[in-house]
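Engineer: The structure under discussion is supplied below as structure tokens; questions concerning it will follow.
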Amino acid sequence: MSFRARLVLAAAYLLTAVVLALEIPLALSVERRANADFRSAVLGRAAVLAARVADLVPQADERVVARRQVQAIAEASGREGERVVVVDGAGRTIADSAAEAEPGTLYATVERPEFAAALSGRIDSRSRSSETLGEDLLLVTVPVVEANQVTGAVRVSASSSDVAASVRASWLRLAAIGLVVVVGGLALAWVLATSLARPVRRLATAADRLGHGDLDARAEPSGPRELRALAASFNRMAAALTASLESQREFIANASHQLRTPLTGLKLRLEALRGQGAGDDVAKAEAELDRLSALVDDLLELARAAGSEAPEPAEVDLAAAAEAAADRWSAAAERDGKRISVAADGPALAWASEADVAHVLDNLIENALRYCPPGTAISVGARAEDGRAVLVVADDGPGIPVEDRPRVFERFYRGANGRRAGPGTGLGLAIVAELVDRWGGEVRLGDRPGTCVESAFPRPPTLS
């Protein structure tokens, strides 16, 4: 996960937690306030209605006119969705705005305990679910008082669906506000994260260029103070590394000249001594001198492979490179009684340097010629597999002992077969490993009889 994505996710978590911590209590408060206002409004209407019919309720049992007046007041006072029921002191119906209860019938039953509470002089408020209406109702019952005596009760039942709808609408508005806050905060976090990630990305790019051999790569100091300090430290490190590599290159160039000259002179003197009839000691000295010269050449080559700047990559056909290498070494193979063949089914394009590929082939073929007995068949081929181009040099010689296989690519390591074959530097396969690694490839030993070395190179970007 990228640095910018981590910052944005952290901001999203924080914003979401803050919004939820603020809006959940606020939403609950809105719900409680809406329910309290609704209950107060219904209670107020019920109290006003009880006061209006207070002088009529005692007369309703004896006077039809009084009962009709109460009925008219109940019907006029009830709002849409509300039902008003008025009972006398005995709990019998006087008026019903819904005209469902017959006048004179007992309405204050055990199933309606709110009337018992009101007739005892208390105000009762409760919620009940109506199976008939299929919704929740708020029931507010108040006593009707005349001359300090309870003469009846008024109950107002109102649907709470409108209140619930209003609460849901408020919640949706709060959710929309919270969403806007979160989105706006994330947009701001994205901008801030981008401003922080851009210098980090530039620093990573500079480090990648430096790692691939571009010694002029430098990071641009920008962004916060800490990132500017990091970029400055990186630039100092890059400058020191460049100076070190330049010194190494100068050493390689100087060593190549300074070592070759005395070695050549010593070689000529030994040849002169041999021409004057010197003994076996001179011949042995010449052999050691040849070994020293080969070691110097391999060391310089290894230093160039490990420390020099990689050339510009290009498309290299490993199959064509294998054929060219087989042509170069075919004469030497015939002189040693060995044969070289090419095994390639078609083009195998790699993203590397043609010179490095040729050098890899030369080292591997030279190793096969040096360590294999006469009559050995050497195969040079290439193939494409698993998104890579693989160069293969194999022989049917004695192979590499199992105990030597894990260390054959180490510098100066010579296995049992190498020591038996005579003088050598133990750097050939190490040079191959360095040259392949500089292109992001991999060298491995194949699992087949004899010796098989497979060098896998990345494919060109257009084929990856």
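All residue names refer to the structure tokens as shown: chains lettered A, B, ... in order, residues numbered from 1 in each chain, ligands numbered from 1 in order.
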Set the distance at 12 Å and use only C-alpha atoms: which residues neighbour stretch 76-81 of chain A once local chain neighbours fewer than 5 positions away are removed? I'd like the list as a tab-separated table (two decimals) with all heavy atoms, in the first residue's frame.

Structural biologist:
```tsv
chain	number	residue	atom	x	y	z
A	41	ALA	N	-47.42	18.31	22.80
A	41	ALA	CA	-48.49	18.90	21.98
A	41	ALA	C	-49.80	18.15	22.18
A	41	ALA	O	-50.88	18.75	22.35
A	41	ALA	CB	-48.07	18.88	20.51
A	42	VAL	N	-49.71	16.79	22.18
A	42	VAL	CA	-50.94	16.00	22.37
A	42	VAL	C	-51.49	16.22	23.77
A	42	VAL	O	-52.71	16.35	23.97
A	42	VAL	CB	-50.64	14.51	22.10
A	42	VAL	CG1	-51.89	13.67	22.41
A	42	VAL	CG2	-50.21	14.30	20.66
A	44	GLY	N	-51.18	18.88	25.62
A	44	GLY	CA	-51.78	20.21	25.66
A	44	GLY	C	-53.18	20.23	25.06
A	44	GLY	O	-54.10	20.84	25.64
A	45	ARG	N	-53.34	19.56	23.92
A	45	ARG	CA	-54.66	19.52	23.30
A	45	ARG	C	-55.65	18.76	24.18
A	45	ARG	O	-56.83	19.14	24.30
A	45	ARG	CB	-54.57	18.90	21.91
A	45	ARG	CG	-53.84	19.78	20.90
A	45	ARG	CD	-54.10	19.32	19.47
A	45	ARG	NE	-53.51	18.00	19.21
A	45	ARG	CZ	-52.26	17.80	18.82
A	45	ARG	NH1	-51.45	18.83	18.67
A	45	ARG	NH2	-51.81	16.58	18.58
A	46	ALA	N	-55.17	17.66	24.78
A	46	ALA	CA	-56.06	16.90	25.66
A	46	ALA	C	-56.48	17.73	26.88
A	46	ALA	O	-57.65	17.69	27.32
A	46	ALA	CB	-55.38	15.61	26.10
A	47	ALA	N	-55.56	18.50	27.45
A	47	ALA	CA	-55.88	19.33	28.61
A	47	ALA	C	-56.86	20.43	28.24
A	47	ALA	O	-57.82	20.73	29.01
A	47	ALA	CB	-54.60	19.92	29.20
A	48	VAL	N	-56.67	21.06	27.09
A	48	VAL	CA	-57.60	22.10	26.65
A	48	VAL	C	-58.99	21.52	26.43
A	48	VAL	O	-60.02	22.11	26.81
A	48	VAL	CB	-57.06	22.78	25.36
A	48	VAL	CG1	-58.13	23.69	24.76
A	48	VAL	CG2	-55.80	23.56	25.67
A	49	LEU	N	-59.04	20.33	25.81
A	49	LEU	CA	-60.33	19.69	25.55
A	49	LEU	C	-61.03	19.33	26.87
A	49	LEU	O	-62.26	19.52	27.03
A	49	LEU	CB	-60.12	18.44	24.70
A	49	LEU	CG	-61.37	17.64	24.33
A	49	LEU	CD1	-62.39	18.51	23.60
A	49	LEU	CD2	-61.00	16.43	23.50
A	50	ALA	N	-60.26	18.85	27.85
A	50	ALA	CA	-60.85	18.50	29.15
A	50	ALA	C	-61.42	19.75	29.82
A	50	ALA	O	-62.48	19.70	30.49
A	50	ALA	CB	-59.81	17.84	30.03
A	52	ARG	N	-62.62	22.37	28.28
A	52	ARG	CA	-63.79	22.84	27.53
A	52	ARG	C	-65.04	22.02	27.86
A	52	ARG	O	-66.16	22.54	27.82
A	52	ARG	CB	-63.50	22.78	26.03
A	52	ARG	CG	-62.46	23.79	25.56
A	52	ARG	CD	-62.26	23.69	24.07
A	52	ARG	NE	-63.50	23.99	23.36
A	52	ARG	CZ	-63.64	23.86	22.03
A	52	ARG	NH1	-62.63	23.42	21.30
A	52	ARG	NH2	-64.79	24.15	21.46
A	53	VAL	N	-64.86	20.74	28.15
A	53	VAL	CA	-66.05	19.91	28.39
A	53	VAL	C	-66.30	19.69	29.89
A	53	VAL	O	-67.16	18.89	30.26
A	53	VAL	CB	-65.91	18.54	27.69
A	53	VAL	CG1	-65.73	18.74	26.18
A	53	VAL	CG2	-64.71	17.76	28.25
A	69	GLN	N	-73.22	18.20	22.58
A	69	GLN	CA	-72.24	19.28	22.59
A	69	GLN	C	-70.82	18.71	22.82
A	69	GLN	O	-69.86	19.13	22.18
A	69	GLN	CB	-72.59	20.28	23.68
A	69	GLN	CG	-73.81	21.15	23.35
A	69	GLN	CD	-74.15	22.09	24.48
A	69	GLN	OE1	-73.79	21.87	25.64
A	69	GLN	NE2	-74.88	23.16	24.15
A	70	VAL	N	-70.75	17.74	23.73
A	70	VAL	CA	-69.44	17.11	23.97
A	70	VAL	C	-68.95	16.40	22.70
A	70	VAL	O	-67.77	16.48	22.33
A	70	VAL	CB	-69.52	16.14	25.15
A	70	VAL	CG1	-68.20	15.36	25.30
A	70	VAL	CG2	-69.83	16.88	26.43
A	71	GLN	N	-69.90	15.71	22.02
A	71	GLN	CA	-69.53	15.01	20.78
A	71	GLN	C	-69.03	16.01	19.74
A	71	GLN	O	-68.04	15.76	19.06
A	71	GLN	CB	-70.72	14.22	20.24
A	71	GLN	CG	-70.48	13.49	18.94
A	71	GLN	CD	-69.52	12.31	19.07
A	71	GLN	OE1	-69.44	11.71	20.14
A	71	GLN	NE2	-68.79	12.01	18.01
A	86	VAL	N	-64.32	10.64	25.19
A	86	VAL	CA	-64.67	11.26	26.47
A	86	VAL	C	-65.56	10.29	27.24
A	86	VAL	O	-66.54	9.78	26.68
A	86	VAL	CB	-65.38	12.61	26.26
A	86	VAL	CG1	-65.68	13.26	27.62
A	86	VAL	CG2	-64.52	13.53	25.41
A	95	ALA	N	-68.57	10.60	24.37
A	95	ALA	CA	-68.34	11.03	22.98
A	95	ALA	C	-67.14	10.27	22.43
A	95	ALA	O	-66.20	9.93	23.16
A	95	ALA	CB	-68.09	12.54	22.93
A	96	ASP	N	-67.19	10.00	21.12
A	96	ASP	CA	-66.10	9.33	20.41
A	96	ASP	C	-65.99	9.96	19.03
A	96	ASP	O	-66.92	9.86	18.22
A	96	ASP	CB	-66.36	7.83	20.30
A	96	ASP	CG	-65.21	7.09	19.62
A	96	ASP	OD1	-64.21	7.75	19.25
A	96	ASP	OD2	-65.31	5.86	19.45
A	97	SER	N	-64.89	10.67	18.76
A	97	SER	CA	-64.75	11.35	17.47
A	97	SER	C	-64.72	10.38	16.31
A	97	SER	O	-65.05	10.75	15.18
A	97	SER	CB	-63.47	12.20	17.47
A	97	SER	OG	-62.33	11.36	17.61
A	98	ALA	N	-64.35	9.12	16.55
A	98	ALA	CA	-64.34	8.12	15.49
A	98	ALA	C	-65.67	7.41	15.37
A	98	ALA	O	-65.85	6.57	14.47
A	98	ALA	CB	-63.23	7.10	15.75
A	133	LEU	N	-54.84	-0.61	13.17
A	133	LEU	CA	-54.27	0.42	12.30
A	133	LEU	C	-52.89	0.04	11.77
A	133	LEU	O	-52.42	0.64	10.80
A	133	LEU	CB	-54.18	1.74	13.07
A	133	LEU	CG	-55.50	2.31	13.59
A	133	LEU	CD1	-55.26	3.58	14.40
A	133	LEU	CD2	-56.46	2.59	12.44
A	135	GLU	N	-49.98	0.50	13.31
A	135	GLU	CA	-48.98	1.52	13.61
A	135	GLU	C	-48.96	1.76	15.12
A	135	GLU	O	-49.83	1.28	15.85
A	135	GLU	CB	-49.31	2.83	12.88
A	135	GLU	CG	-50.66	3.40	13.21
A	135	GLU	CD	-51.01	4.62	12.37
A	135	GLU	OE1	-50.22	5.00	11.49
A	135	GLU	OE2	-52.07	5.21	12.62
A	136	ASP	N	-47.95	2.50	15.56
A	136	ASP	CA	-47.83	2.84	16.98
A	136	ASP	C	-48.62	4.09	17.29
A	136	ASP	O	-48.64	5.05	16.49
A	136	ASP	CB	-46.36	3.05	17.35
A	136	ASP	CG	-45.56	1.77	17.27
A	136	ASP	OD1	-46.17	0.70	17.44
A	136	ASP	OD2	-44.33	1.84	17.01
A	137	LEU	N	-49.28	4.07	18.46
A	137	LEU	CA	-50.11	5.20	18.88
A	137	LEU	C	-49.58	5.76	20.20
A	137	LEU	O	-49.09	5.03	21.05
A	137	LEU	CB	-51.57	4.77	19.07
A	137	LEU	CG	-52.30	4.21	17.84
A	137	LEU	CD1	-53.69	3.74	18.24
A	137	LEU	CD2	-52.38	5.26	16.73
A	138	LEU	N	-49.75	7.08	20.35
A	138	LEU	CA	-49.49	7.74	21.63
A	138	LEU	C	-50.84	8.02	22.29
A	138	LEU	O	-51.68	8.70	21.70
A	138	LEU	CB	-48.72	9.04	21.41
A	138	LEU	CG	-48.52	9.90	22.66
A	138	LEU	CD1	-47.67	9.16	23.69
A	138	LEU	CD2	-47.91	11.25	22.31
A	154	VAL	N	-60.71	12.40	29.46
A	154	VAL	CA	-60.57	12.61	28.00
A	154	VAL	C	-59.29	11.91	27.55
A	154	VAL	O	-58.21	12.14	28.13
A	154	VAL	CB	-60.51	14.11	27.65
A	154	VAL	CG1	-60.23	14.28	26.16
A	154	VAL	CG2	-61.80	14.80	28.04
A	155	ARG	N	-59.44	11.07	26.54
A	155	ARG	CA	-58.25	10.41	25.98
A	155	ARG	C	-58.08	10.82	24.52
A	155	ARG	O	-59.02	10.75	23.72
A	155	ARG	CB	-58.40	8.90	26.06
A	155	ARG	CG	-57.09	8.16	25.71
A	155	ARG	CD	-57.30	6.68	25.53
A	155	ARG	NE	-57.99	6.38	24.27
A	155	ARG	CZ	-58.25	5.14	23.82
A	155	ARG	NH1	-57.90	4.11	24.57
A	155	ARG	NH2	-58.88	4.95	22.69
A	156	VAL	N	-56.85	11.24	24.21
A	156	VAL	CA	-56.51	11.58	22.82
A	156	VAL	C	-55.46	10.58	22.36
A	156	VAL	O	-54.38	10.45	22.97
A	156	VAL	CB	-55.96	13.02	22.71
A	156	VAL	CG1	-55.56	13.32	21.27
A	156	VAL	CG2	-57.00	14.02	23.19
A	157	SER	N	-55.79	9.85	21.30
A	157	SER	CA	-54.84	8.90	20.71
A	157	SER	C	-54.36	9.45	19.37
A	157	SER	O	-55.19	9.78	18.51
A	157	SER	CB	-55.49	7.52	20.54
A	157	SER	OG	-56.66	7.62	19.75
A	158	ALA	N	-53.05	9.56	19.22
A	158	ALA	CA	-52.47	10.14	18.00
A	158	ALA	C	-51.42	9.19	17.42
A	158	ALA	O	-50.66	8.55	18.17
A	158	ALA	CB	-51.84	11.50	18.31
A	159	SER	N	-51.40	9.10	16.11
A	159	SER	CA	-50.42	8.24	15.44
A	159	SER	C	-49.04	8.90	15.52
A	159	SER	O	-48.89	10.11	15.30
A	159	SER	CB	-50.81	8.03	13.98
A	159	SER	OG	-49.78	7.38	13.27
A	160	SER	N	-48.03	8.08	15.81
A	160	SER	CA	-46.65	8.60	15.90
A	160	SER	C	-45.87	8.38	14.60
A	160	SER	O	-44.66	8.56	14.57
A	160	SER	CB	-45.91	7.93	17.05
A	160	SER	OG	-45.92	6.52	16.88
A	161	SER	N	-46.57	7.98	13.53
A	161	SER	CA	-45.87	7.71	12.26
A	161	SER	C	-45.27	8.98	11.67
A	161	SER	O	-44.18	8.96	11.11
A	161	SER	CB	-46.82	7.05	11.26
A	161	SER	OG	-47.94	7.89	11.02
A	162	ASP	N	-46.01	10.10	11.83
A	162	ASP	CA	-45.49	11.36	11.29
A	162	ASP	C	-44.22	11.77	12.03
A	162	ASP	O	-43.25	12.28	11.43
A	162	ASP	CB	-46.53	12.46	11.39
A	162	ASP	CG	-47.71	12.23	10.44
A	162	ASP	OD1	-47.53	11.45	9.48
A	162	ASP	OD2	-48.79	12.79	10.68
```

Engineer: Taking only stretch 122-170 of chain A into account, list the residues labelled strand (DSSP E) by DSSP (computed from the backbone), as a ChimeraX atom specification.

Structural biologist: /A:124-130,135-146,149-159

Engineer: Considering only C-alpha atoms, state which residue in the set A:Ala219, A:Val84, A:Ala169, A:Ala72 is at the smallest distance from A:Ala232.

Structural biologist: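 Among A:Ala219, A:Val84, A:Ala169, A:Ala72, it is A:Ala219 that comes nearest to A:Ala232.
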
Engineer: Find the residues near stretch 148-153 of chain A: any atom within 6 Å, counting only C-alpha atoms, skip ones fewer than 3 places away on the same chain, and give them as an MDAnalysis selection string.

Structural biologist: chainID A and resid 86:89 142:145

Engineer: Save out the residues we just selected, N, CA and C atoms, as a PDB file, in the first residue's frame.

Structural biologist:
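Output file out_14.pdb is given in full below:
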```pdb
ATOM      1  N   VAL A  86     -64.321  10.638  25.195  1.00  0.00           N
ATOM      2  CA  VAL A  86     -64.667  11.257  26.470  1.00  0.00           C
ATOM      3  C   VAL A  86     -65.565  10.292  27.238  1.00  0.00           C
ATOM      4  N   VAL A  87     -65.205  10.016  28.492  1.00  0.00           N
ATOM      5  CA  VAL A  87     -66.022   9.143  29.343  1.00  0.00           C
ATOM      6  C   VAL A  87     -66.414   9.907  30.604  1.00  0.00           C
ATOM      7  N   ASP A  88     -67.473   9.391  31.244  1.00  0.00           N
ATOM      8  CA  ASP A  88     -67.911  10.029  32.495  1.00  0.00           C
ATOM      9  C   ASP A  88     -67.183   9.415  33.684  1.00  0.00           C
ATOM     10  N   GLY A  89     -67.608   9.756  34.868  1.00  0.00           N
ATOM     11  CA  GLY A  89     -66.925   9.277  36.053  1.00  0.00           C
ATOM     12  C   GLY A  89     -66.996   7.783  36.237  1.00  0.00           C
ATOM     13  N   VAL A 142     -56.333  12.532  30.280  1.00  0.00           N
ATOM     14  CA  VAL A 142     -56.330  13.533  31.361  1.00  0.00           C
ATOM     15  C   VAL A 142     -57.694  13.504  32.050  1.00  0.00           C
ATOM     16  N   PRO A 143     -57.720  13.775  33.329  1.00  0.00           N
ATOM     17  CA  PRO A 143     -59.022  13.805  34.040  1.00  0.00           C
ATOM     18  C   PRO A 143     -59.802  15.084  33.734  1.00  0.00           C
ATOM     19  N   VAL A 144     -61.134  14.953  33.748  1.00  0.00           N
ATOM     20  CA  VAL A 144     -62.030  16.118  33.635  1.00  0.00           C
ATOM     21  C   VAL A 144     -62.436  16.498  35.060  1.00  0.00           C
ATOM     22  N   VAL A 145     -62.101  17.707  35.451  1.00  0.00           N
ATOM     23  CA  VAL A 145     -62.307  18.143  36.836  1.00  0.00           C
ATOM     24  C   VAL A 145     -63.336  19.282  36.858  1.00  0.00           C
TER      25      VAL A 145
END
```

Engineer: Can you pull out the residues contacting A:Ala352? Cut-off 9 Å, using only C-alpha atoms, and skip same-chain residues under 3 positions away; I want them as a compact mmCIF listing (two decimals) with all heavy atoms, in the first residue's frame.

Structural biologist:
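So the final result, stored in around_33.txt, reads:
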```txt
# COMPACT_ATOMS: atom_id res chain seq x y z
N PRO A 311 25.32 -0.30 -19.27
CA PRO A 311 25.00 0.39 -20.53
C PRO A 311 23.49 0.47 -20.73
O PRO A 311 22.71 -0.13 -19.99
CB PRO A 311 25.67 -0.50 -21.58
CG PRO A 311 25.74 -1.85 -20.95
CD PRO A 311 25.94 -1.61 -19.48
N GLU A 312 23.09 1.22 -21.73
CA GLU A 312 21.67 1.34 -22.02
C GLU A 312 21.12 -0.01 -22.47
O GLU A 312 21.71 -0.68 -23.33
CB GLU A 312 21.44 2.37 -23.13
CG GLU A 312 21.61 3.80 -22.68
CD GLU A 312 20.56 4.20 -21.66
OE1 GLU A 312 19.41 3.75 -21.79
OE2 GLU A 312 20.90 4.93 -20.71
N PRO A 313 19.99 -0.44 -21.89
CA PRO A 313 19.43 -1.74 -22.31
C PRO A 313 18.80 -1.66 -23.69
O PRO A 313 18.41 -0.57 -24.15
CB PRO A 313 18.37 -2.01 -21.22
CG PRO A 313 17.97 -0.65 -20.74
CD PRO A 313 19.20 0.21 -20.83
N ALA A 314 18.70 -2.81 -24.31
CA ALA A 314 18.08 -2.90 -25.64
C ALA A 314 17.54 -4.31 -25.81
O ALA A 314 17.81 -5.20 -25.00
CB ALA A 314 19.10 -2.57 -26.73
N GLU A 315 16.78 -4.50 -26.86
CA GLU A 315 16.27 -5.84 -27.17
C GLU A 315 17.42 -6.69 -27.72
O GLU A 315 18.08 -6.31 -28.68
CB GLU A 315 15.14 -5.77 -28.19
CG GLU A 315 13.83 -5.24 -27.63
CD GLU A 315 12.69 -5.40 -28.63
OE1 GLU A 315 12.94 -5.94 -29.73
OE2 GLU A 315 11.56 -4.99 -28.30
N VAL A 316 17.64 -7.83 -27.08
CA VAL A 316 18.69 -8.75 -27.51
C VAL A 316 18.05 -10.10 -27.77
O VAL A 316 17.37 -10.66 -26.90
CB VAL A 316 19.78 -8.88 -26.43
CG1 VAL A 316 20.87 -9.84 -26.90
CG2 VAL A 316 20.38 -7.53 -26.10
N ALA A 355 26.56 -6.79 -25.41
CA ALA A 355 27.92 -7.12 -25.01
C ALA A 355 27.92 -7.99 -23.76
O ALA A 355 28.71 -8.94 -23.64
CB ALA A 355 28.71 -5.83 -24.76
N ASP A 356 27.02 -7.68 -22.79
CA ASP A 356 26.97 -8.49 -21.57
C ASP A 356 26.50 -9.91 -21.86
O ASP A 356 27.01 -10.89 -21.29
CB ASP A 356 26.05 -7.84 -20.54
CG ASP A 356 26.70 -6.64 -19.87
OD1 ASP A 356 27.89 -6.39 -20.13
OD2 ASP A 356 26.01 -5.94 -19.09
N VAL A 357 25.52 -10.04 -22.75
CA VAL A 357 25.04 -11.38 -23.12
C VAL A 357 26.16 -12.19 -23.78
O VAL A 357 26.37 -13.37 -23.48
CB VAL A 357 23.81 -11.28 -24.04
CG1 VAL A 357 23.44 -12.65 -24.60
CG2 VAL A 357 22.62 -10.69 -23.28
N VAL A 436 24.50 -11.00 -15.15
CA VAL A 436 23.06 -11.28 -15.26
C VAL A 436 22.28 -10.50 -14.21
O VAL A 436 21.20 -9.96 -14.49
CB VAL A 436 22.79 -12.80 -15.12
CG1 VAL A 436 21.29 -13.08 -15.13
CG2 VAL A 436 23.46 -13.55 -16.26
N ARG A 438 22.92 -7.60 -12.92
CA ARG A 438 22.82 -6.16 -13.19
C ARG A 438 21.61 -5.84 -14.07
O ARG A 438 21.15 -4.69 -14.12
CB ARG A 438 24.11 -5.67 -13.86
CG ARG A 438 24.17 -5.91 -15.35
CD ARG A 438 25.53 -5.70 -15.94
NE ARG A 438 26.09 -4.40 -15.62
CZ ARG A 438 27.26 -3.96 -16.12
NH1 ARG A 438 27.96 -4.73 -16.94
NH2 ARG A 438 27.73 -2.77 -15.79
N TRP A 439 21.03 -6.83 -14.75
CA TRP A 439 19.83 -6.61 -15.57
C TRP A 439 18.57 -7.15 -14.89
O TRP A 439 17.53 -7.25 -15.53
CB TRP A 439 20.01 -7.29 -16.93
CG TRP A 439 21.17 -6.74 -17.69
CD1 TRP A 439 22.35 -7.35 -17.95
CD2 TRP A 439 21.27 -5.43 -18.24
NE1 TRP A 439 23.19 -6.51 -18.63
CE2 TRP A 439 22.54 -5.32 -18.83
CE3 TRP A 439 20.42 -4.33 -18.30
CZ2 TRP A 439 22.99 -4.16 -19.46
CZ3 TRP A 439 20.86 -3.17 -18.93
CH2 TRP A 439 22.12 -3.09 -19.50
N PHE A 457 16.87 -13.72 -18.21
CA PHE A 457 16.85 -12.25 -18.36
C PHE A 457 15.42 -11.77 -18.45
O PHE A 457 14.53 -12.49 -18.93
CB PHE A 457 17.60 -11.83 -19.65
CG PHE A 457 19.08 -12.05 -19.60
CD1 PHE A 457 19.63 -13.28 -19.98
CD2 PHE A 457 19.93 -11.05 -19.19
CE1 PHE A 457 21.00 -13.48 -19.95
CE2 PHE A 457 21.31 -11.25 -19.16
CZ PHE A 457 21.84 -12.46 -19.55
N PRO A 458 15.15 -10.53 -18.03
CA PRO A 458 13.79 -9.99 -18.19
C PRO A 458 13.47 -9.76 -19.66
O PRO A 458 14.37 -9.51 -20.48
CB PRO A 458 13.84 -8.66 -17.41
CG PRO A 458 15.29 -8.29 -17.38
CD PRO A 458 16.05 -9.59 -17.33
N ARG A 459 12.18 -9.85 -20.00
CA ARG A 459 11.75 -9.59 -21.37
C ARG A 459 11.69 -8.09 -21.61
O ARG A 459 11.60 -7.29 -20.66
CB ARG A 459 10.34 -10.18 -21.60
CG ARG A 459 10.24 -11.68 -21.35
CD ARG A 459 11.01 -12.50 -22.38
NE ARG A 459 10.49 -12.30 -23.72
CZ ARG A 459 9.43 -12.96 -24.22
NH1 ARG A 459 8.77 -13.81 -23.46
NH2 ARG A 459 9.04 -12.75 -25.44
N PRO A 460 11.70 -7.64 -22.86
CA PRO A 460 11.55 -6.21 -23.15
C PRO A 460 10.22 -5.68 -22.62
O PRO A 460 9.26 -6.44 -22.52
CB PRO A 460 11.61 -6.16 -24.69
CG PRO A 460 12.36 -7.39 -25.08
CD PRO A 460 11.99 -8.44 -24.06
```

Engineer: Considering only C-alpha atoms, state which residue in the set A:Pro224, A:Pro103, A:Pro199, A:Pro58 is at the smallest distance from A:Glu146.

Structural biologist: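 Checking each of A:Pro224, A:Pro103, A:Pro199, A:Pro58 against A:Glu146, counting only C-alpha atoms, the winner is A:Pro58.
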
Engineer: Set the distance at 12 Å and use only C-alpha atoms: which residues neighbour A:Ala331 once local chain neighbours fewer than 6 positions away are removed? I'd like the list as a list in words.

Structural biologist: Ala325, Gly337, Lys338, Arg339, Ile340 and Leu369 of chain A

Engineer: Near A:Glu23, within 12 Å and counting only C-alpha atoms, which residues show up once chain neighbours fewer than 6 positions away are dropped, as an MDAnalysis selection string?

Structural biologist: chainID A and resid 15:17 29:30 170:179 181

Engineer: As an exercise, work out the distance from atom CA of A:Ser244 to atom CA of A:Gly440 in Å and give it to one decimal place.

Structural biologist: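 Going from atom CA of A:Ser244 over to atom CA of A:Gly440 covers 23.3 Å.
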
Engineer: What's the 9 Å shell around A:Ala60, counting only C-alpha atoms, without same-chain residues fewer than 4 positions away, as a list in words?

Structural biologist: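 Listed by chain and then number, they are Leu56, Val64, Val65, Ala66, Arg67, Arg68, Gln69, Val70, Asp88 and Ile94 of chain A.
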
Engineer: Those same residues - C-alpha atoms - I'd like them written as a PDB file, in the first residue's frame.

Structural biologist:
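Saved file part.pdb follows:
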```pdb
ATOM      1  CA  LEU A  56     -70.800  19.521  30.187  1.00  0.00           C
ATOM      2  CA  VAL A  64     -78.911  14.651  25.454  1.00  0.00           C
ATOM      3  CA  VAL A  65     -78.073  18.179  24.442  1.00  0.00           C
ATOM      4  CA  ALA A  66     -75.006  18.191  26.669  1.00  0.00           C
ATOM      5  CA  ARG A  67     -73.874  14.831  25.224  1.00  0.00           C
ATOM      6  CA  ARG A  68     -74.235  16.180  21.691  1.00  0.00           C
ATOM      7  CA  GLN A  69     -72.241  19.276  22.594  1.00  0.00           C
ATOM      8  CA  VAL A  70     -69.444  17.110  23.967  1.00  0.00           C
ATOM      9  CA  ASP A  88     -67.911  10.029  32.495  1.00  0.00           C
ATOM     10  CA  ILE A  94     -69.979  10.150  26.325  1.00  0.00           C
TER      11      ILE A  94
END
```

Engineer: Please report the interatomic distance between atom CA of A:Pro449 and atom CA of A:Pro347 in Å with one decimal.

Structural biologist: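 A separation of 25.7 Å between them.
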
Engineer: Rank nothing, just name the residue among A:Ala164, A:Thr205, A:Ala54, A:Ala90 nearest to A:Ala147, using only C-alpha atoms.

Structural biologist: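 Of all the options, A:Ala54 lies closest to A:Ala147.
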
Engineer: To one decimal place, how far is atom CA of A:Thr93 from atom CA of A:Thr105 in Å?

Structural biologist: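 These atoms are spaced 5.5 Å apart.
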